[in-house]
Amino acid sequence: MRRGLLFPRRVQVGRLVFRDPLPACGLLYLLLYFDSSQFLRIGLLAACLHECGHILAFWTLFRRLPVIEVTVTGFCMQTRGCRMRAGQRFCLAAAGPAANALLALLAWAQTSRQFTAWGAAFWAANVLTGLFNLLPIPPLDGAQMLAAVLERRRTGRNDKLHSPFK
């Protein structure tokens with residue numbers, strides 16, 4: 001029996017692509033099984049909401065859904081073959097950390113009124129996810145934002161970073 005039939009390397013369901021789904025699902029199962037504190041679940045929620053920020057920005061810019069790739073290391077939005085101006089790339093990269101910042105602000109407001117461990121953990125997960133993704137290391141959002149700023153500066157184009165939706 002061929003390896004690809006029993007253990008596929010790539011499974012696509014609509015716009016969602018799973019790379020090495022068996023190891024990814026196995027690892028996720030083990031991590032969630034031993035997550036008695038629920039912090040991993042909250043971190044995964046923050047990561048999913050981060051990607052939702054990117055997806056919403058992509059939808060706003062291009063009126064179609066992107067391809068989302070799920071791997072053992074996380075989620076990644078595929079934009080290969082999609083022509084974007086520097087301002088659009090900057091906005092798209094900033095949307096994930098912006099979503100985390102907004103959610104952290106909402107969690108902080110809620111937790112300041114009534115403290116819960118879940119609210120504090122949700123706040124921390126969003127702050128950490130947003131800040132981590134702002135690091136200027138490829139393929140993180142910070143590197144994409146920096147590349148967009150440098151490209152705009154290098155080419156001298158007038159596509160404004162603050163209004164790529166026009």
# chains A, B, ... in the order shown; residues from 1 in each chain; ligands from 1
>>> select_by_dssp(residues="range 32-155 of chain A", states="helix (DSSP H, G or I)", output="ChimeraX atom specification")
/A:32-33,39-62,86-113,117-133,141-155
>>> closest_residue(among="A:Ala86, A:Cys91, A:Leu134, A:Ala107", to="Ala147 in chain A", atoms="only C-alpha atoms")
A:Ala86
>>> select_by_dssp(residues="range 73-105 of chain A", states="strand (DSSP E)", output="PDB file with N, CA and C atoms, in the first residue's frame")
ATOM      1  N   GLY A  74       1.543  25.610  13.071  1.00  0.00           N
ATOM      2  CA  GLY A  74       0.503  26.632  13.196  1.00  0.00           C
ATOM      3  C   GLY A  74      -0.260  26.871  11.904  1.00  0.00           C
ATOM      4  N   PHE A  75      -0.863  28.046  11.833  1.00  0.00           N
ATOM      5  CA  PHE A  75      -1.665  28.460  10.683  1.00  0.00           C
ATOM      6  C   PHE A  75      -0.859  29.421   9.834  1.00  0.00           C
ATOM      7  N   CYS A  76      -1.119  29.416   8.538  1.00  0.00           N
ATOM      8  CA  CYS A  76      -0.458  30.363   7.647  1.00  0.00           C
ATOM      9  C   CYS A  76      -1.398  30.667   6.483  1.00  0.00           C
ATOM     10  N   MET A  77      -1.573  31.935   6.189  1.00  0.00           N
ATOM     11  CA  MET A  77      -2.395  32.335   5.062  1.00  0.00           C
ATOM     12  C   MET A  77      -1.522  32.398   3.817  1.00  0.00           C
ATOM     13  N   GLN A  78      -1.923  31.689   2.770  1.00  0.00           N
ATOM     14  CA  GLN A  78      -1.156  31.659   1.525  1.00  0.00           C
ATOM     15  C   GLN A  78      -1.617  32.781   0.604  1.00  0.00           C
TER      16      GLN A  78
END
>>> closest_residue(among="A:Leu135, A:Leu45, A:Ala104, A:Met145", to="Ala120 in chain A", atoms="only C-alpha atoms")
A:Ala104
>>> closest_residue(among="A:Leu16, A:Leu106, A:Ile137, A:Leu92", to="Val67 in chain A", atoms="only C-alpha atoms")
A:Leu16
>>> closest_residue(among="A:Ile55, A:Val70, A:Ala47, A:Leu128", to="Val13 in chain A", atoms="only C-alpha atoms")
A:Val70
>>> decode(residues="range 35-58 of chain A", atoms="N, CA and C atoms", output="PDB file, in the first residue's frame")
ATOM      1  N   ASP A  35      -3.641  19.249  28.747  1.00  0.00           N
ATOM      2  CA  ASP A  35      -3.838  20.674  29.043  1.00  0.00           C
ATOM      3  C   ASP A  35      -4.894  20.845  30.124  1.00  0.00           C
ATOM      4  N   SER A  36      -4.582  20.450  31.329  1.00  0.00           N
ATOM      5  CA  SER A  36      -5.562  20.540  32.409  1.00  0.00           C
ATOM      6  C   SER A  36      -5.834  21.981  32.829  1.00  0.00           C
ATOM      7  N   SER A  37      -4.910  22.889  32.564  1.00  0.00           N
ATOM      8  CA  SER A  37      -5.090  24.282  32.958  1.00  0.00           C
ATOM      9  C   SER A  37      -5.931  25.077  31.963  1.00  0.00           C
ATOM     10  N   GLN A  38      -6.163  24.524  30.782  1.00  0.00           N
ATOM     11  CA  GLN A  38      -6.934  25.185  29.712  1.00  0.00           C
ATOM     12  C   GLN A  38      -6.158  26.315  29.020  1.00  0.00           C
ATOM     13  N   PHE A  39      -4.913  26.566  29.400  1.00  0.00           N
ATOM     14  CA  PHE A  39      -4.161  27.666  28.804  1.00  0.00           C
ATOM     15  C   PHE A  39      -3.835  27.418  27.337  1.00  0.00           C
ATOM     16  N   LEU A  40      -3.572  26.179  26.966  1.00  0.00           N
ATOM     17  CA  LEU A  40      -3.300  25.883  25.561  1.00  0.00           C
ATOM     18  C   LEU A  40      -4.531  26.167  24.703  1.00  0.00           C
ATOM     19  N   ARG A  41      -5.692  25.800  25.200  1.00  0.00           N
ATOM     20  CA  ARG A  41      -6.930  26.061  24.464  1.00  0.00           C
ATOM     21  C   ARG A  41      -7.137  27.554  24.254  1.00  0.00           C
ATOM     22  N   ILE A  42      -6.856  28.329  25.280  1.00  0.00           N
ATOM     23  CA  ILE A  42      -7.003  29.782  25.186  1.00  0.00           C
ATOM     24  C   ILE A  42      -5.980  30.346  24.203  1.00  0.00           C
ATOM     25  N   GLY A  43      -4.757  29.819  24.212  1.00  0.00           N
ATOM     26  CA  GLY A  43      -3.735  30.254  23.261  1.00  0.00           C
ATOM     27  C   GLY A  43      -4.114  29.904  21.827  1.00  0.00           C
ATOM     28  N   LEU A  44      -4.675  28.716  21.629  1.00  0.00           N
ATOM     29  CA  LEU A  44      -5.132  28.330  20.289  1.00  0.00           C
ATOM     30  C   LEU A  44      -6.279  29.222  19.824  1.00  0.00           C
ATOM     31  N   LEU A  45      -7.158  29.602  20.747  1.00  0.00           N
ATOM     32  CA  LEU A  45      -8.237  30.523  20.407  1.00  0.00           C
ATOM     33  C   LEU A  45      -7.672  31.867  19.975  1.00  0.00           C
ATOM     34  N   ALA A  46      -6.680  32.360  20.695  1.00  0.00           N
ATOM     35  CA  ALA A  46      -6.045  33.636  20.323  1.00  0.00           C
ATOM     36  C   ALA A  46      -5.391  33.536  18.950  1.00  0.00           C
ATOM     37  N   ALA A  47      -4.751  32.404  18.652  1.00  0.00           N
ATOM     38  CA  ALA A  47      -4.122  32.209  17.342  1.00  0.00           C
ATOM     39  C   ALA A  47      -5.165  32.148  16.233  1.00  0.00           C
ATOM     40  N   CYS A  48      -6.264  31.462  16.489  1.00  0.00           N
ATOM     41  CA  CYS A  48      -7.338  31.383  15.481  1.00  0.00           C
ATOM     42  C   CYS A  48      -7.954  32.755  15.227  1.00  0.00           C
ATOM     43  N   LEU A  49      -8.169  33.524  16.294  1.00  0.00           N
ATOM     44  CA  LEU A  49      -8.732  34.861  16.125  1.00  0.00           C
ATOM     45  C   LEU A  49      -7.742  35.797  15.424  1.00  0.00           C
ATOM     46  N   HIS A  50      -6.461  35.586  15.650  1.00  0.00           N
ATOM     47  CA  HIS A  50      -5.412  36.327  14.940  1.00  0.00           C
ATOM     48  C   HIS A  50      -5.547  36.084  13.430  1.00  0.00           C
ATOM     49  N   GLU A  51      -5.680  34.812  13.062  1.00  0.00           N
ATOM     50  CA  GLU A  51      -5.846  34.476  11.640  1.00  0.00           C
ATOM     51  C   GLU A  51      -7.153  35.027  11.084  1.00  0.00           C
ATOM     52  N   CYS A  52      -8.188  35.074  11.912  1.00  0.00           N
ATOM     53  CA  CYS A  52      -9.461  35.660  11.467  1.00  0.00           C
ATOM     54  C   CYS A  52      -9.280  37.137  11.116  1.00  0.00           C
ATOM     55  N   GLY A  53      -8.413  37.838  11.830  1.00  0.00           N
ATOM     56  CA  GLY A  53      -8.106  39.228  11.484  1.00  0.00           C
ATOM     57  C   GLY A  53      -7.503  39.325  10.091  1.00  0.00           C
ATOM     58  N   HIS A  54      -6.559  38.429   9.781  1.00  0.00           N
ATOM     59  CA  HIS A  54      -5.967  38.406   8.441  1.00  0.00           C
ATOM     60  C   HIS A  54      -7.014  38.066   7.384  1.00  0.00           C
ATOM     61  N   ILE A  55      -7.849  37.083   7.675  1.00  0.00           N
ATOM     62  CA  ILE A  55      -8.865  36.654   6.709  1.00  0.00           C
ATOM     63  C   ILE A  55      -9.849  37.790   6.435  1.00  0.00           C
ATOM     64  N   LEU A  56     -10.274  38.493   7.476  1.00  0.00           N
ATOM     65  CA  LEU A  56     -11.186  39.625   7.291  1.00  0.00           C
ATOM     66  C   LEU A  56     -10.548  40.722   6.444  1.00  0.00           C
ATOM     67  N   ALA A  57      -9.282  41.020   6.696  1.00  0.00           N
ATOM     68  CA  ALA A  57      -8.585  42.029   5.895  1.00  0.00           C
ATOM     69  C   ALA A  57      -8.442  41.568   4.447  1.00  0.00           C
ATOM     70  N   PHE A  58      -8.120  40.297   4.235  1.00  0.00           N
ATOM     71  CA  PHE A  58      -7.999  39.754   2.876  1.00  0.00           C
ATOM     72  C   PHE A  58      -9.339  39.856   2.159  1.00  0.00           C
TER      73      PHE A  58
END
